[in-house]
>>> print(open('query.cif').read())   # mmCIF, C-alpha atoms
data_final
loop_
_atom_site.label_atom_id
_atom_site.label_comp_id
_atom_site.auth_asym_id
_atom_site.auth_seq_id
_atom_site.Cartn_x
_atom_site.Cartn_y
_atom_site.Cartn_z
CA MET J 1 18.32 -4.71 -2.12
CA GLN J 2 15.36 -7.01 -1.61
CA GLU J 3 16.10 -10.54 -0.44
CA GLN J 4 15.33 -13.41 -2.80
CA ALA J 5 11.86 -14.85 -2.29
CA LYS J 6 11.65 -18.20 -0.47
CA TYR J 7 8.15 -19.00 -1.70
CA LYS J 8 5.98 -18.32 -4.72
CA PHE J 9 3.21 -16.96 -2.50
CA SER J 10 2.89 -15.66 1.05
CA LEU J 11 -0.62 -15.19 2.41
CA ALA J 12 -1.18 -13.50 5.77
CA LEU J 13 -4.32 -14.63 7.60
CA VAL J 14 -5.43 -11.92 10.02
CA PHE J 15 -7.22 -13.16 13.15
CA TYR J 16 -8.84 -11.06 15.86
CA ASN J 17 -10.80 -12.98 18.50
CA GLU J 18 -11.31 -15.88 16.09
CA GLU J 19 -10.84 -18.82 18.46
CA ASP J 20 -13.72 -20.68 16.82
CA ASN J 21 -12.35 -20.19 13.30
CA VAL J 22 -8.56 -20.27 13.44
CA VAL J 23 -8.04 -24.05 13.54
CA PRO J 24 -10.62 -25.05 10.88
CA VAL J 25 -9.56 -22.18 8.59
CA VAL J 26 -5.85 -23.04 8.75
CA ASN J 27 -6.36 -26.80 8.48
CA SER J 28 -8.70 -26.43 5.52
CA LEU J 29 -6.31 -24.12 3.68
CA LYS J 30 -3.34 -26.37 4.36
CA GLU J 31 -5.21 -29.39 3.03
CA VAL J 32 -6.18 -27.60 -0.18
CA LEU J 33 -2.75 -26.05 -0.75
CA ASN J 34 -0.93 -29.33 -0.09
CA ARG J 35 -3.19 -31.13 -2.55
CA SER J 36 -2.71 -28.49 -5.23
CA LYS J 37 1.05 -28.31 -4.61
CA LEU J 38 0.94 -24.50 -4.67
CA ASP J 39 4.10 -23.10 -3.09
CA CYS J 40 2.37 -20.92 -0.51
CA GLN J 41 3.57 -19.74 2.90
CA LEU J 42 0.77 -19.14 5.40
CA ILE J 43 1.40 -16.40 7.96
CA LEU J 44 -0.90 -16.52 10.98
CA VAL J 45 -1.38 -13.04 12.45
CA ASP J 46 -2.90 -12.77 15.90
CA ASN J 47 -3.97 -9.13 15.83
CA GLY J 48 -4.08 -8.51 19.59
CA SER J 49 -6.84 -11.03 20.34
CA ARG J 50 -8.31 -11.23 23.84
CA ASP J 51 -9.59 -14.79 23.55
CA HIS J 52 -7.69 -18.07 22.90
CA THR J 53 -6.66 -17.22 19.31
CA SER J 54 -3.01 -16.69 20.25
CA ARG J 55 -2.73 -20.05 22.04
CA LEU J 56 -4.37 -21.88 19.16
CA ILE J 57 -1.99 -20.29 16.65
CA ARG J 58 1.00 -21.42 18.72
CA GLU J 59 -0.41 -24.95 18.85
CA LEU J 60 -0.87 -25.00 15.08
CA VAL J 61 2.67 -23.78 14.51
CA SER J 62 4.05 -26.46 16.84
CA VAL J 63 2.37 -29.12 14.67
CA HIS J 64 2.94 -27.55 11.25
CA ARG J 65 6.46 -26.15 11.14
CA ASP J 66 5.89 -24.45 7.78
CA LEU J 67 3.42 -21.99 9.32
CA LYS J 68 4.77 -18.60 10.39
CA PRO J 69 3.25 -16.86 13.43
CA VAL J 70 3.08 -13.09 13.88
CA MET J 71 1.91 -11.96 17.30
CA VAL J 72 0.65 -8.37 17.56
CA GLU J 73 0.50 -7.57 21.26
CA ASP J 74 -2.15 -4.83 21.14
CA ASN J 75 -4.95 -4.47 18.63
CA LEU J 76 -4.36 -1.11 16.97
CA GLY J 77 -6.73 -1.82 14.09
CA TYR J 78 -7.18 -4.24 11.21
CA GLY J 79 -4.63 -2.47 9.02
CA TRP J 80 -1.93 -2.79 11.64
CA GLY J 81 -2.37 -6.56 11.61
CA VAL J 82 -2.12 -6.56 7.81
CA ILE J 83 1.04 -4.43 7.83
CA ASN J 84 2.71 -6.75 10.33
CA GLY J 85 1.71 -9.81 8.32
CA LEU J 86 3.01 -8.40 5.03
CA SER J 87 6.28 -7.39 6.69
CA ALA J 88 6.87 -11.03 7.62
CA ALA J 89 6.05 -12.36 4.13
CA GLU J 90 8.79 -14.15 2.20
CA GLY J 91 7.02 -14.89 -1.08
CA GLU J 92 7.41 -13.54 -4.59
CA TRP J 93 3.71 -12.65 -4.32
CA ILE J 94 2.44 -11.45 -0.94
CA GLY J 95 -1.07 -10.76 0.28
CA PHE J 96 -3.65 -11.06 3.02
CA MET J 97 -7.16 -12.14 3.87
CA ASP J 98 -9.40 -12.39 6.92
CA GLY J 99 -9.39 -15.50 9.08
CA ASP J 100 -13.17 -15.67 9.42
CA ALA J 101 -13.92 -18.55 7.00
CA GLN J 102 -16.08 -16.37 4.74
CA ILE J 103 -13.99 -17.28 1.69
CA ALA J 104 -13.86 -21.00 0.88
CA SER J 105 -10.45 -22.67 0.73
CA GLY J 106 -11.17 -23.88 -2.79
CA ASP J 107 -11.68 -20.29 -3.92
CA VAL J 108 -8.36 -19.32 -2.33
CA GLU J 109 -6.66 -22.09 -4.33
CA ARG J 110 -8.30 -20.84 -7.55
CA PHE J 111 -7.30 -17.28 -6.65
CA LEU J 112 -3.62 -18.17 -6.20
CA ALA J 113 -3.61 -20.21 -9.40
CA GLU J 114 -4.95 -17.12 -11.20
CA ALA J 115 -2.04 -15.04 -9.89
CA ASP J 116 0.43 -17.75 -10.86
CA SER J 117 -0.68 -17.74 -14.49
CA SER J 118 -1.41 -14.04 -14.99
CA ARG J 119 0.50 -11.06 -16.28
CA TYR J 120 -1.02 -8.77 -13.67
CA ASP J 121 0.77 -7.09 -10.75
CA MET J 122 -2.10 -7.39 -8.28
CA ILE J 123 -4.97 -9.86 -7.99
CA LYS J 124 -7.89 -9.20 -5.67
CA ALA J 125 -11.24 -10.75 -4.90
CA ARG J 126 -14.59 -9.42 -6.03
CA ARG J 127 -17.66 -10.64 -4.14
CA LEU J 128 -20.06 -11.70 -6.90
CA GLU J 129 -22.44 -13.13 -4.33
CA ARG J 130 -22.68 -11.92 -0.74
CA ARG J 131 -24.29 -14.01 1.96
CA ASP J 132 -23.32 -11.77 4.89
CA GLY J 133 -26.53 -9.74 5.06
CA PHE J 134 -28.42 -7.15 3.02
CA ILE J 135 -27.36 -4.08 5.05
CA ARG J 136 -23.62 -4.78 4.95
CA ALA J 137 -23.79 -5.38 1.22
CA ARG J 138 -25.61 -2.08 0.56
CA VAL J 139 -23.22 -0.10 2.81
CA SER J 140 -20.30 -1.62 0.95
CA GLU J 141 -21.80 -0.63 -2.41
CA VAL J 142 -22.18 3.00 -1.33
CA TYR J 143 -18.60 3.04 -0.05
CA VAL J 144 -17.26 1.67 -3.34
CA ILE J 145 -19.20 4.25 -5.37
CA LEU J 146 -17.87 7.13 -3.24
CA PHE J 147 -14.34 5.79 -3.41
CA CYS J 148 -14.34 5.34 -7.18
CA LEU J 149 -15.92 8.75 -7.85
CA LEU J 150 -13.52 10.65 -5.60
CA PHE J 151 -10.32 8.89 -6.64
CA GLY J 152 -11.13 7.92 -10.23
CA ILE J 153 -10.30 4.25 -9.69
CA LYS J 154 -12.34 1.58 -11.48
CA ILE J 155 -12.63 -1.14 -8.84
CA TYR J 156 -15.85 -3.06 -8.22
CA ASP J 157 -15.16 -4.22 -4.65
CA VAL J 158 -12.64 -2.19 -2.63
CA ASN J 159 -12.69 -4.20 0.60
CA ALA J 160 -12.88 -7.73 -0.82
CA LYS J 161 -10.17 -10.18 0.15
CA PRO J 162 -7.94 -12.00 -0.53
CA VAL J 163 -5.65 -9.56 -2.27
CA ILE J 164 -2.15 -10.41 -3.42
CA PHE J 165 0.55 -8.44 -5.22
CA LYS J 166 4.17 -8.69 -6.26
CA ARG J 167 6.42 -8.32 -3.26
CA LYS J 168 8.70 -5.82 -4.98
CA TYR J 169 6.02 -3.15 -4.55
CA LEU J 170 5.66 -3.40 -0.77
CA ASP J 171 8.31 -0.83 0.11
CA ARG J 172 6.96 1.61 -2.47
CA PHE J 173 3.45 1.34 -1.05
CA SER J 174 4.70 2.40 2.39
CA LEU J 175 1.37 1.40 3.91
CA LYS J 176 0.27 3.52 6.88
CA SER J 177 -3.40 2.81 7.58
CA ARG J 178 -3.89 0.97 10.85
CA ASP J 179 -7.64 0.65 10.41
CA TRP J 180 -10.01 -0.74 7.75
CA PHE J 181 -8.84 1.89 5.23
CA ILE J 182 -5.82 -0.31 4.49
CA ASP J 183 -7.65 -1.86 1.51
CA ALA J 184 -8.44 1.51 -0.03
CA GLU J 185 -4.95 2.86 0.62
CA LEU J 186 -3.43 -0.16 -1.10
CA LEU J 187 -5.62 0.29 -4.19
CA MET J 188 -5.05 4.04 -4.35
CA LYS J 189 -1.30 3.58 -4.34
CA ALA J 190 -1.33 0.61 -6.71
CA SER J 191 -3.44 2.58 -9.19
CA PHE J 192 -1.21 5.65 -8.94
CA LEU J 193 1.87 3.50 -9.63
CA GLY J 194 0.19 2.01 -12.68
CA LEU J 195 -0.07 -1.58 -11.47
CA ARG J 196 -2.15 -3.93 -13.58
CA ILE J 197 -5.00 -5.06 -11.31
CA ARG J 198 -7.38 -7.95 -11.87
CA GLU J 199 -10.48 -8.77 -9.82
CA VAL J 200 -11.47 -12.42 -9.44
CA GLY J 201 -15.09 -13.25 -8.63
CA MET J 202 -16.02 -15.45 -5.69
CA ILE J 203 -18.74 -16.10 -3.13
CA PHE J 204 -18.61 -14.33 0.23
CA HIS J 205 -20.16 -16.70 2.76
CA ARG J 206 -22.02 -15.91 5.96
CA ARG J 207 -20.07 -16.35 9.17
CA GLN J 208 -20.61 -19.70 10.85
CA ALA J 209 -18.70 -18.80 14.03
CA GLY J 210 -17.29 -15.74 15.80
CA ARG J 211 -18.39 -12.13 15.45
CA THR J 212 -17.43 -9.51 12.90
CA ALA J 213 -15.46 -6.47 14.05
CA VAL J 214 -17.24 -4.30 11.48
CA ASN J 215 -19.87 -2.06 13.08
CA VAL J 216 -21.49 1.36 12.77
CA ALA J 217 -18.29 3.07 13.92
CA THR J 218 -16.48 1.39 11.03
CA ILE J 219 -18.80 3.12 8.55
CA PHE J 220 -17.98 6.55 9.93
CA GLU J 221 -14.30 5.55 9.95
CA PHE J 222 -14.52 4.79 6.22
CA ILE J 223 -16.23 8.10 5.43
CA ASN J 224 -13.73 10.08 7.49
CA ASN J 225 -10.79 8.40 5.78
CA ILE J 226 -12.22 8.98 2.31
CA ALA J 227 -12.81 12.67 3.04
CA ARG J 228 -9.40 13.15 4.62
CA ASN J 229 -7.54 11.52 1.73
CA ALA J 230 -9.66 13.17 -0.97
CA LEU J 231 -8.76 16.58 0.46
CA GLY J 232 -5.08 15.82 0.85
CA GLY J 233 -3.53 14.11 3.85
CA GLU J 234 -1.27 11.10 3.87
CA PHE J 235 -1.98 10.01 0.29
CA ALA J 236 -1.04 13.45 -1.09
CA ARG J 237 2.22 13.43 0.84
CA TRP J 238 2.99 9.93 -0.41
CA LYS J 239 2.37 10.95 -4.03
CA LYS J 240 4.84 13.83 -3.73
CA ASN J 241 7.52 11.38 -2.60
CA GLN J 242 6.96 9.28 -5.74
CA ARG J 243 8.06 12.04 -8.08
#
>>> encode(input="query.cif", output="structure tokens")
Amino acid sequence: MQEQAKYKFSLALVFYNEEDNVVPVVNSLKEVLNRSKLDCQLILVDNGSRDHTSRLIRELVSVHRDLKPVMVEDNLGYGWGVINGLSAAEGEWIGFMDGDAQIASGDVERFLAEADSSRYDMIKARRLERRDGFIRARVSEVYVILFCLLFGIKIYDVNAKPVIFKRKYLDRFSLKSRDWFIDAELLMKASFLGLRIREVGMIFHRRQAGRTAVNVATIFEFINNIARNALGGEFARWKKNQR
């Protein structure tokens, strides 16, 4: 039996080598959430960083006791950080986003308010305006088209964050992807289970500090995962267990 939720929302912030972003991101979010009085637990995930991210998270937690740290010793991929963050979540709604400051804190507040007042089971971002570069935006568009065609899911922006969903579904999702395919896996399973999904538009800002972990290898990783799951694989095995 699932334990009673301690918060309305739990949001896992996933950091990997984000020493220049972690403090301003967390402080900005805390300021906005405190002002709005949204009952939101922030979970700070250090996803195996090799810089000073871990130390900075510990310092933040020592000052703000309501923050919850999750320390992943080795970086096994973005999805592994997400899975660890969601496992530590104690909210009625649980979700995740990147700790790279590309989504404004005010948009996060609006996003959570949308979930609080909706009748949906999952709320996710949709990047209406992208300021992270022409090439990344076009690659993302191709990926979304392939994903939607192969899996028959009507989603405009597969990899946009934040994403948040009702905590009662976490065990049923049984998330496995340790890499960037975690977003797609989540949507595939949510769609199969018949969850009501709403996309909320927001601006995706250009990085002001740090470096993205998305590169050419990530593109091939996406394509490989799509092909593998379209032809069977983990998703097919999961679907059989749902019957």
>>> resolve_selection(input="query.cif", expression="the PyMOL selection byres ((chain J and resi 119-123) around 9)", output="PyMOL selection string")
chain J and resi 93+111-112+114-118+124-125+162-166+190+195-200
>>> resolve_selection(input="query.cif", expression="the PyMOL selection byres ((chain J and resi 127) around 8)", output="PDB file with C-alpha atoms, keeping the file's coordinate frame")
ATOM      1  CA  ALA J 125     -11.240 -10.750  -4.900  1.00  0.00           C
ATOM      2  CA  ARG J 126     -14.590  -9.420  -6.030  1.00  0.00           C
ATOM      3  CA  LEU J 128     -20.060 -11.700  -6.900  1.00  0.00           C
ATOM      4  CA  GLU J 129     -22.440 -13.130  -4.330  1.00  0.00           C
ATOM      5  CA  ARG J 130     -22.680 -11.920  -0.740  1.00  0.00           C
ATOM      6  CA  ASP J 157     -15.160  -4.220  -4.650  1.00  0.00           C
ATOM      7  CA  ALA J 160     -12.880  -7.730  -0.820  1.00  0.00           C
ATOM      8  CA  GLY J 201     -15.090 -13.250  -8.630  1.00  0.00           C
ATOM      9  CA  MET J 202     -16.020 -15.450  -5.690  1.00  0.00           C
ATOM     10  CA  ILE J 203     -18.740 -16.100  -3.130  1.00  0.00           C
ATOM     11  CA  PHE J 204     -18.610 -14.330   0.230  1.00  0.00           C
TER      12      PHE J 204
END
>>> closest_residue(input="query.cif", among="J:Leu29, J:Val23, J:Leu170, J:Leu175", to="J:Trp80", atoms="all atoms listed in the file")
J:Leu175
>>> residues_around(input="query.cif", residues="J:Arg178", least_positions_apart="6", cutoff="7 Å", atoms="only C-alpha atoms", output="mmCIF file with C-alpha atoms, keeping the file's coordinate frame")
data_model
loop_
_atom_site.group_PDB
_atom_site.id
_atom_site.type_symbol
_atom_site.label_atom_id
_atom_site.label_comp_id
_atom_site.auth_asym_id
_atom_site.auth_seq_id
_atom_site.Cartn_x
_atom_site.Cartn_y
_atom_site.Cartn_z
ATOM 1 C CA LEU J 76 -4.360 -1.110 16.970
ATOM 2 C CA GLY J 77 -6.730 -1.820 14.090
ATOM 3 C CA TYR J 78 -7.180 -4.240 11.210
ATOM 4 C CA GLY J 79 -4.630 -2.470 9.020
ATOM 5 C CA TRP J 80 -1.930 -2.790 11.640
#
>>> resolve_selection(input="query.cif", expression="the PyMOL selection byres ((chain J and resi 42) around 9)", output="ChimeraX atom specification")
/J:9-13,26,29-30,40-41,43-44,66-69,89
>>> residues_around(input="query.cif", residues="stretch 153-155 of chain J", least_positions_apart="4", cutoff="9 Å", atoms="only C-alpha atoms", output="PyMOL selection string")
chain J and resi 126+144+147-149+187-188+191+197+199
>>> atom_distance(input="query.cif", atom1="atom CA of J:Phe173", atom2="atom CA of J:Asn84")
14.0 Å
>>> closest_residue(input="query.cif", among="J:Tyr16, J:Phe192, J:Phe222, J:Phe96", to="J:Lys240", atoms="only C-alpha atoms")
J:Phe192
>>> atom_distance(input="query.cif", atom1="atom CA of J:Asp107", atom2="atom CA of J:Val70")
24.2 Å
>>> atom_distance(input="query.cif", atom1="atom CA of J:Glu19", atom2="atom CA of J:Asp51")
6.6 Å
>>> closest_residue(input="query.cif", among="J:Asn75, J:Ser62, J:Asn34, J:Ser28", to="J:Phe15", atoms="only C-alpha atoms")
J:Asn75
>>> closest_residue(input="query.cif", among="J:Asp179, J:Asp20, J:Asp74, J:Arg172", to="J:Leu56", atoms="only C-alpha atoms")
J:Asp20
>>> closest_residue(input="query.cif", among="J:Val14, J:Val61, J:Ala88, J:Val82", to="J:Asn27", atoms="only C-alpha atoms")
J:Val61
